[in-house]
Every structure is written in C-alpha cells, then in structure tokens.
There are 2 protein chains.
Amino acid sequence: MLTGAVKRIDHVAVVVRSLEAALAFYRDTLGLSPSRVLNFPAEGVKIAFLPMGGPGGSEIELLEPIDPAGSVARFIEKRGEGLHHICLEVPDIDRALAELRAAGAVVLDEAPRPTAEGRGLFLHPRGTGGVLLELVQRDDAAP
Amino acid sequence: MLTGAVKRIDHVAVVVRSLEAALAFYRDTLGLSPSRVLNFPAEGVKIAFLPMGGPGGSEIELLEPIDPAGSVARFIEKRGEGLHHICLEVPDIDRALAELRAAGAVVLDEAPRPTAEGRGLFLHPRGTGGVLLELVQRDDAAP
C-alpha cells in the first residue's frame, strides 16, 4: 500500500475537439472560469484548467489535441470526445512509483514524467477498474 | 449562466464489474478507505464511496451493477469498465435546472431525481464535450 496517502483528486481530464466550443458550455453556461489556458506540447495538447472548490479543490482539465499524431488526437479518433483520465495527488511520486511496482500495479512510465502540474505517472486501465489513472506530485504542493 | 456557482467536483463515478476486485486496487494498493458501501436500487447499483482531501474534498465512487437491466449494467456490456460520469455540486438544483433549460442545455431529467447524495440531474454528453455530467444538491450541504 502507498505509505504516502493520496491527498485528493487533483483533476479530471476531458478530451474535446475544441476548447472554445467546450468553454461555451463549461464557462458560459456552468460559470466555471479557466484559471489558465496553455499549450503542453510534450503531450500534444492545449489545456484549459477549470478550478472549483477553492484552494485544495479539484479541477476539470479540458484537453484539445494540437498534435494530430499525439495520443489525445488518437483517443478522439477512436472514441470521440469525453472523459480521459483521473489524476490523484500524492506527496512523493518516486516513492509511489516504487511502492506501486512492488504491489504489482501496471505502471506505464519507467520514471515520473514532466506534466503540466509537476511530475506524474500513469497506471494502465486494466489494473484500475478500466480507468486511466494518473498520480502526480505537484511542483506547487504545500510542504 | 448558473447564478449559483458550482461549489466543487462532488464525485467521479467509475463503473466496475466487482467492487471487491476494484477495492483490491483502490483500497489495498492506493490506500483509499471506503467511507461507506451501500445498495442504491433506484440506479441498479452498489456503491463504494472513496473520499479524499478531507472535508469538502471530492470522492471517487465505484459503481457495481446489481440490476442486469439497469443502465450501469448496460454500460459495462457495451463499453466495459471505466469512467462513467462527473458530478458537480451546486447550491440549488431547482434553480440550476431552470437556468440550464433557459440556456438550451440538454438535461436528461424532467425534474431533479433522488440520488445517493441528495437531488440531482444529468446532462447529455452531446452538450458537455462528451461527458455524462451530473449536478447535485447535497442533502448534507452546509447552509
């Protein structure tokens, strides 16, 4: 078991064809204001961050593919728009990786990868009840 | 736009074939303790609630079908295990329903339905970037 407890749901990622079209609903109808919108070329996406619940709350991240060869573009081609992954915040991603491997979890990363929030890793859906699950240690985590 | 701001992500729902098999990962590997496990026959499911982040944090809900004719059983047959919906907490579900209708959102409920948390409604994925989206007013919400 992870000795560093999961802190919270960091974000839930939703893949969309167009951030602007999705924001017409999430921003203009639901009233969620993007805290930032940025390109994250390492994953081939442009991301709009929609925070809720104040400090420590969880976010929805809207992901629009910007690289037609990237995994998010391929996800849309295959499955259409929709829920992509859940990300949980952990205090120590290196320890989590070691403990997950020891527990036999199917980790998709050899080492933590740079993410938009810090350093993360992904777990294969076959060991998580069908969910692509990310764990992240945030660069801006409280000590 | 909703005049009562979305308070937070209330929960993210994951459909699984077996709660026990899923808990072998979520509880025994990740260390998330179910706060409760209950049958919710109105939706044909048994639910394990996995809270994180302390009071006001968001939960993962694991849903196991208990009614072979229910929508969650049909979801598994068609798509397999995995992410099912996101639920956002709102302060006033009746007002949200009226405002969503006025905004042209595709609401799947004529009136708020009883849910495991309070009173909720679902929005069709075609208006939300492919996400089955629930809004809920919790029975135990702070005033």
# chains A, B, ... in the order shown; residues from 1 in each chain; ligands from 1
>>> select_by_dssp(residues="chain B", states="strand (DSSP E or B)", output="count of residues only")
50
>>> residues_around(residues="range 1-5 of chain B", least_positions_apart="4", cutoff="6 Å", atoms="only C-alpha atoms", output="PyMOL selection string")
chain A and resi 28-31
>>> interface_residues(of="chain B", to="chain A", cutoff="7 Å", atoms="only C-alpha atoms", output="number ranges by chain")
B: 1-2, 5, 7-9, 16, 22, 25, 28-31, 52-53, 57-58, 81-83, 103, 128-131
>>> residues_around(residues="Leu108 in chain A", least_positions_apart="2", cutoff="12 Å", atoms="only C-alpha atoms", output="number ranges by chain")
A: 97, 100-101, 105-106, 110-113, 120-127, 132-135
>>> write_last_selection(atoms="C-alpha atoms", output="CSV table (one decimal), in the first residue's frame")
chain,number,residue,atom,x,y,z
A,97,LEU,CA,6.3,4.5,-8.2
A,100,LEU,CA,3.2,0.6,-7.0
A,101,ARG,CA,5.7,-1.6,-8.7
A,105,ALA,CA,0.5,-2.4,-10.4
A,106,VAL,CA,0.8,-1.9,-14.1
A,110,GLU,CA,9.6,3.9,-16.3
A,111,ALA,CA,10.2,7.0,-14.4
A,112,PRO,CA,7.9,10.0,-13.4
A,113,ARG,CA,7.3,12.2,-16.5
A,120,GLY,CA,3.5,12.2,-12.8
A,121,LEU,CA,2.9,8.7,-13.9
A,122,PHE,CA,0.1,6.8,-15.5
A,123,LEU,CA,-1.4,3.4,-14.5
A,124,HIS,CA,-2.9,1.1,-17.1
A,125,PRO,CA,-6.7,0.8,-17.0
A,126,ARG,CA,-6.6,-3.0,-16.7
A,127,GLY,CA,-5.5,-2.7,-13.1
A,132,LEU,CA,-6.6,5.6,-17.0
A,133,LEU,CA,-5.2,6.8,-13.7
A,134,GLU,CA,-2.5,9.4,-13.2
A,135,LEU,CA,-0.7,10.1,-10.0
>>> select_by_dssp(residues="range 41-139 of chain B", states="helix (DSSP H, G or I)", output="ChimeraX atom specification")
/B:41-43,71-79,93-102,125-127
>>> write_last_selection(atoms="N, CA and C atoms", output="short mmCIF file (atom, residue, chain, number, x, y, z; two decimals), in the first residue's frame")
data_model
loop_
_atom_site.label_atom_id
_atom_site.label_comp_id
_atom_site.auth_asym_id
_atom_site.auth_seq_id
_atom_site.Cartn_x
_atom_site.Cartn_y
_atom_site.Cartn_z
N PRO B 41 -30.75 0.87 -5.16
CA PRO B 41 -31.54 0.14 -6.15
C PRO B 41 -32.16 1.04 -7.22
N ALA B 42 -32.44 2.29 -6.89
CA ALA B 42 -33.06 3.18 -7.88
C ALA B 42 -32.20 3.30 -9.14
N GLU B 43 -30.88 3.16 -9.00
CA GLU B 43 -29.99 3.22 -10.17
C GLU B 43 -29.40 1.85 -10.49
N SER B 71 -29.04 0.73 -16.28
CA SER B 71 -28.20 1.45 -17.25
C SER B 71 -26.71 1.18 -17.01
N VAL B 72 -26.33 0.94 -15.76
CA VAL B 72 -24.91 0.70 -15.49
C VAL B 72 -24.49 -0.69 -15.98
N ALA B 73 -25.38 -1.66 -15.83
CA ALA B 73 -25.09 -2.99 -16.38
C ALA B 73 -24.97 -2.91 -17.91
N ARG B 74 -25.85 -2.12 -18.51
CA ARG B 74 -25.79 -1.98 -19.98
C ARG B 74 -24.52 -1.24 -20.41
N PHE B 75 -24.11 -0.26 -19.60
CA PHE B 75 -22.86 0.46 -19.89
C PHE B 75 -21.68 -0.51 -19.93
N ILE B 76 -21.60 -1.38 -18.93
CA ILE B 76 -20.48 -2.35 -18.90
C ILE B 76 -20.52 -3.29 -20.10
N GLU B 77 -21.72 -3.76 -20.43
CA GLU B 77 -21.83 -4.66 -21.58
C GLU B 77 -21.31 -4.01 -22.85
N LYS B 78 -21.62 -2.70 -22.98
CA LYS B 78 -21.29 -2.01 -24.22
C LYS B 78 -19.85 -1.49 -24.24
N ARG B 79 -19.39 -0.96 -23.10
CA ARG B 79 -18.12 -0.24 -23.11
C ARG B 79 -17.09 -0.82 -22.16
N ILE B 93 -30.51 22.98 -6.85
CA ILE B 93 -30.68 22.16 -8.05
C ILE B 93 -31.90 22.60 -8.86
N ASP B 94 -32.92 23.11 -8.20
CA ASP B 94 -34.10 23.55 -8.95
C ASP B 94 -33.78 24.78 -9.79
N ARG B 95 -33.03 25.70 -9.19
CA ARG B 95 -32.64 26.89 -9.94
C ARG B 95 -31.69 26.50 -11.07
N ALA B 96 -30.76 25.59 -10.79
CA ALA B 96 -29.84 25.15 -11.83
C ALA B 96 -30.60 24.53 -13.01
N LEU B 97 -31.61 23.71 -12.70
CA LEU B 97 -32.39 23.09 -13.77
C LEU B 97 -33.07 24.15 -14.64
N ALA B 98 -33.68 25.12 -13.99
CA ALA B 98 -34.36 26.18 -14.76
C ALA B 98 -33.37 26.96 -15.61
N GLU B 99 -32.22 27.27 -15.04
CA GLU B 99 -31.24 28.07 -15.78
C GLU B 99 -30.59 27.27 -16.91
N LEU B 100 -30.36 25.97 -16.68
CA LEU B 100 -29.79 25.14 -17.75
C LEU B 100 -30.76 25.04 -18.91
N ARG B 101 -32.04 24.85 -18.58
CA ARG B 101 -33.04 24.78 -19.66
C ARG B 101 -33.09 26.09 -20.44
N ALA B 102 -33.05 27.19 -19.70
CA ALA B 102 -33.10 28.50 -20.36
C ALA B 102 -31.89 28.70 -21.27
N PRO B 125 -24.19 13.94 -22.80
CA PRO B 125 -22.81 14.19 -23.23
C PRO B 125 -22.69 15.06 -24.48
N ARG B 126 -23.72 15.15 -25.30
CA ARG B 126 -23.52 15.89 -26.55
C ARG B 126 -23.40 17.39 -26.33
N GLY B 127 -23.77 17.86 -25.16
CA GLY B 127 -23.62 19.29 -24.89
C GLY B 127 -22.48 19.62 -23.94
#
>>> decode(residues="range 126-142 of chain A", atoms="all heavy atoms", output="PDB file, in the first residue's frame")
ATOM      1  N   ARG A 126      -6.191  -1.578 -17.054  1.00  0.00           N
ATOM      2  CA  ARG A 126      -6.566  -2.963 -16.731  1.00  0.00           C
ATOM      3  C   ARG A 126      -6.379  -3.295 -15.255  1.00  0.00           C
ATOM      4  O   ARG A 126      -6.949  -4.281 -14.780  1.00  0.00           O
ATOM      5  CB  ARG A 126      -5.832  -3.963 -17.622  1.00  0.00           C
ATOM      6  CG  ARG A 126      -4.394  -4.232 -17.303  1.00  0.00           C
ATOM      7  CD  ARG A 126      -3.901  -5.404 -18.177  1.00  0.00           C
ATOM      8  NE  ARG A 126      -2.476  -5.599 -18.046  1.00  0.00           N
ATOM      9  CZ  ARG A 126      -1.561  -5.082 -18.857  1.00  0.00           C
ATOM     10  NH1 ARG A 126      -1.928  -4.330 -19.874  1.00  0.00           N
ATOM     11  NH2 ARG A 126      -0.274  -5.298 -18.661  1.00  0.00           N
ATOM     12  N   GLY A 127      -5.637  -2.467 -14.523  1.00  0.00           N
ATOM     13  CA  GLY A 127      -5.490  -2.736 -13.101  1.00  0.00           C
ATOM     14  C   GLY A 127      -6.278  -1.801 -12.207  1.00  0.00           C
ATOM     15  O   GLY A 127      -6.152  -1.854 -10.985  1.00  0.00           O
ATOM     16  N   THR A 128      -7.114  -0.928 -12.812  1.00  0.00           N
ATOM     17  CA  THR A 128      -7.748   0.154 -12.045  1.00  0.00           C
ATOM     18  C   THR A 128      -9.256   0.198 -12.247  1.00  0.00           C
ATOM     19  O   THR A 128      -9.878   1.246 -12.025  1.00  0.00           O
ATOM     20  CB  THR A 128      -7.183   1.515 -12.490  1.00  0.00           C
ATOM     21  OG1 THR A 128      -7.561   1.705 -13.864  1.00  0.00           O
ATOM     22  CG2 THR A 128      -5.676   1.585 -12.364  1.00  0.00           C
ATOM     23  N   GLY A 129      -9.860  -0.911 -12.685  1.00  0.00           N
ATOM     24  CA  GLY A 129     -11.287  -0.868 -12.992  1.00  0.00           C
ATOM     25  C   GLY A 129     -11.579  -0.078 -14.257  1.00  0.00           C
ATOM     26  O   GLY A 129     -12.610   0.583 -14.362  1.00  0.00           O
ATOM     27  N   GLY A 130     -10.672  -0.148 -15.217  1.00  0.00           N
ATOM     28  CA  GLY A 130     -10.941   0.461 -16.515  1.00  0.00           C
ATOM     29  C   GLY A 130     -10.619   1.945 -16.624  1.00  0.00           C
ATOM     30  O   GLY A 130     -10.952   2.577 -17.620  1.00  0.00           O
ATOM     31  N   VAL A 131      -9.937   2.476 -15.605  1.00  0.00           N
ATOM     32  CA  VAL A 131      -9.660   3.924 -15.582  1.00  0.00           C
ATOM     33  C   VAL A 131      -8.187   4.176 -15.899  1.00  0.00           C
ATOM     34  O   VAL A 131      -7.306   3.581 -15.274  1.00  0.00           O
ATOM     35  CB  VAL A 131      -9.954   4.516 -14.183  1.00  0.00           C
ATOM     36  CG1 VAL A 131      -9.620   5.995 -14.138  1.00  0.00           C
ATOM     37  CG2 VAL A 131     -11.400   4.262 -13.796  1.00  0.00           C
ATOM     38  N   LEU A 132      -7.929   5.071 -16.858  1.00  0.00           N
ATOM     39  CA  LEU A 132      -6.571   5.582 -17.000  1.00  0.00           C
ATOM     40  C   LEU A 132      -6.336   6.505 -15.810  1.00  0.00           C
ATOM     41  O   LEU A 132      -7.012   7.524 -15.661  1.00  0.00           O
ATOM     42  CB  LEU A 132      -6.416   6.334 -18.326  1.00  0.00           C
ATOM     43  CG  LEU A 132      -5.023   6.918 -18.602  1.00  0.00           C
ATOM     44  CD1 LEU A 132      -3.950   5.844 -18.664  1.00  0.00           C
ATOM     45  CD2 LEU A 132      -5.034   7.754 -19.884  1.00  0.00           C
ATOM     46  N   LEU A 133      -5.411   6.125 -14.944  1.00  0.00           N
ATOM     47  CA  LEU A 133      -5.245   6.823 -13.669  1.00  0.00           C
ATOM     48  C   LEU A 133      -3.852   7.429 -13.619  1.00  0.00           C
ATOM     49  O   LEU A 133      -2.850   6.745 -13.853  1.00  0.00           O
ATOM     50  CB  LEU A 133      -5.429   5.834 -12.515  1.00  0.00           C
ATOM     51  CG  LEU A 133      -5.583   6.429 -11.125  1.00  0.00           C
ATOM     52  CD1 LEU A 133      -6.928   7.162 -11.003  1.00  0.00           C
ATOM     53  CD2 LEU A 133      -5.515   5.320 -10.073  1.00  0.00           C
ATOM     54  N   GLU A 134      -3.804   8.722 -13.344  1.00  0.00           N
ATOM     55  CA  GLU A 134      -2.531   9.421 -13.189  1.00  0.00           C
ATOM     56  C   GLU A 134      -2.296   9.715 -11.712  1.00  0.00           C
ATOM     57  O   GLU A 134      -3.241  10.000 -10.976  1.00  0.00           O
ATOM     58  CB  GLU A 134      -2.581  10.741 -13.979  1.00  0.00           C
ATOM     59  CG  GLU A 134      -1.279  11.534 -13.925  1.00  0.00           C
ATOM     60  CD  GLU A 134      -1.375  12.909 -14.598  1.00  0.00           C
ATOM     61  OE1 GLU A 134      -2.483  13.320 -14.994  1.00  0.00           O
ATOM     62  OE2 GLU A 134      -0.335  13.584 -14.697  1.00  0.00           O
ATOM     63  N   LEU A 135      -1.052   9.617 -11.292  1.00  0.00           N
ATOM     64  CA  LEU A 135      -0.655  10.143  -9.981  1.00  0.00           C
ATOM     65  C   LEU A 135       0.310  11.284 -10.244  1.00  0.00           C
ATOM     66  O   LEU A 135       1.135  11.208 -11.158  1.00  0.00           O
ATOM     67  CB  LEU A 135       0.026   9.069  -9.128  1.00  0.00           C
ATOM     68  CG  LEU A 135      -0.768   7.808  -8.800  1.00  0.00           C
ATOM     69  CD1 LEU A 135       0.051   6.912  -7.863  1.00  0.00           C
ATOM     70  CD2 LEU A 135      -2.117   8.126  -8.165  1.00  0.00           C
ATOM     71  N   VAL A 136       0.215  12.340  -9.439  1.00  0.00           N
ATOM     72  CA  VAL A 136       1.103  13.482  -9.639  1.00  0.00           C
ATOM     73  C   VAL A 136       1.627  13.995  -8.302  1.00  0.00           C
ATOM     74  O   VAL A 136       0.913  13.978  -7.294  1.00  0.00           O
ATOM     75  CB  VAL A 136       0.396  14.630 -10.413  1.00  0.00           C
ATOM     76  CG1 VAL A 136      -0.634  15.346  -9.543  1.00  0.00           C
ATOM     77  CG2 VAL A 136       1.403  15.642 -10.958  1.00  0.00           C
ATOM     78  N   GLN A 137       2.874  14.395  -8.329  1.00  0.00           N
ATOM     79  CA  GLN A 137       3.430  15.201  -7.235  1.00  0.00           C
ATOM     80  C   GLN A 137       3.540  16.617  -7.777  1.00  0.00           C
ATOM     81  O   GLN A 137       4.280  16.876  -8.722  1.00  0.00           O
ATOM     82  CB  GLN A 137       4.805  14.666  -6.830  1.00  0.00           C
ATOM     83  CG  GLN A 137       5.480  15.504  -5.744  1.00  0.00           C
ATOM     84  CD  GLN A 137       6.867  14.975  -5.381  1.00  0.00           C
ATOM     85  OE1 GLN A 137       7.241  13.852  -5.724  1.00  0.00           O
ATOM     86  NE2 GLN A 137       7.642  15.794  -4.693  1.00  0.00           N
ATOM     87  N   ARG A 138       2.807  17.542  -7.186  1.00  0.00           N
ATOM     88  CA  ARG A 138       2.751  18.901  -7.739  1.00  0.00           C
ATOM     89  C   ARG A 138       4.004  19.691  -7.392  1.00  0.00           C
ATOM     90  O   ARG A 138       4.519  19.621  -6.279  1.00  0.00           O
ATOM     91  CB  ARG A 138       1.522  19.646  -7.200  1.00  0.00           C
ATOM     92  CG  ARG A 138       0.195  19.062  -7.668  1.00  0.00           C
ATOM     93  CD  ARG A 138      -0.959  19.958  -7.206  1.00  0.00           C
ATOM     94  NE  ARG A 138      -0.950  21.233  -7.890  1.00  0.00           N
ATOM     95  CZ  ARG A 138      -1.672  21.492  -8.990  1.00  0.00           C
ATOM     96  NH1 ARG A 138      -2.491  20.588  -9.482  1.00  0.00           N
ATOM     97  NH2 ARG A 138      -1.601  22.667  -9.561  1.00  0.00           N
ATOM     98  N   ASP A 139       4.444  20.494  -8.366  1.00  0.00           N
ATOM     99  CA  ASP A 139       5.573  21.395  -8.107  1.00  0.00           C
ATOM    100  C   ASP A 139       5.193  22.454  -7.070  1.00  0.00           C
ATOM    101  O   ASP A 139       6.051  22.957  -6.339  1.00  0.00           O
ATOM    102  CB  ASP A 139       5.991  22.099  -9.409  1.00  0.00           C
ATOM    103  CG  ASP A 139       6.729  21.153 -10.348  1.00  0.00           C
ATOM    104  OD1 ASP A 139       7.244  20.119  -9.883  1.00  0.00           O
ATOM    105  OD2 ASP A 139       6.778  21.449 -11.553  1.00  0.00           O
ATOM    106  N   ASP A 140       3.888  22.791  -7.023  1.00  0.00           N
ATOM    107  CA  ASP A 140       3.466  23.865  -6.111  1.00  0.00           C
ATOM    108  C   ASP A 140       2.810  23.303  -4.847  1.00  0.00           C
ATOM    109  O   ASP A 140       2.066  24.007  -4.162  1.00  0.00           O
ATOM    110  CB  ASP A 140       2.501  24.818  -6.825  1.00  0.00           C
ATOM    111  CG  ASP A 140       1.220  24.114  -7.273  1.00  0.00           C
ATOM    112  OD1 ASP A 140       1.097  22.878  -7.074  1.00  0.00           O
ATOM    113  OD2 ASP A 140       0.333  24.790  -7.817  1.00  0.00           O
ATOM    114  N   ALA A 141       3.100  22.031  -4.524  1.00  0.00           N
ATOM    115  CA  ALA A 141       2.497  21.413  -3.339  1.00  0.00           C
ATOM    116  C   ALA A 141       2.980  22.119  -2.072  1.00  0.00           C
ATOM    117  O   ALA A 141       4.134  22.539  -1.988  1.00  0.00           O
ATOM    118  CB  ALA A 141       2.842  19.938  -3.283  1.00  0.00           C
ATOM    119  N   ALA A 142       2.075  22.236  -1.120  1.00  0.00           N
ATOM    120  CA  ALA A 142       2.474  22.744   0.193  1.00  0.00           C
ATOM    121  C   ALA A 142       3.448  21.749   0.814  1.00  0.00           C
ATOM    122  O   ALA A 142       3.309  20.539   0.616  1.00  0.00           O
ATOM    123  CB  ALA A 142       1.241  22.921   1.072  1.00  0.00           C
TER     124      ALA A 142
END
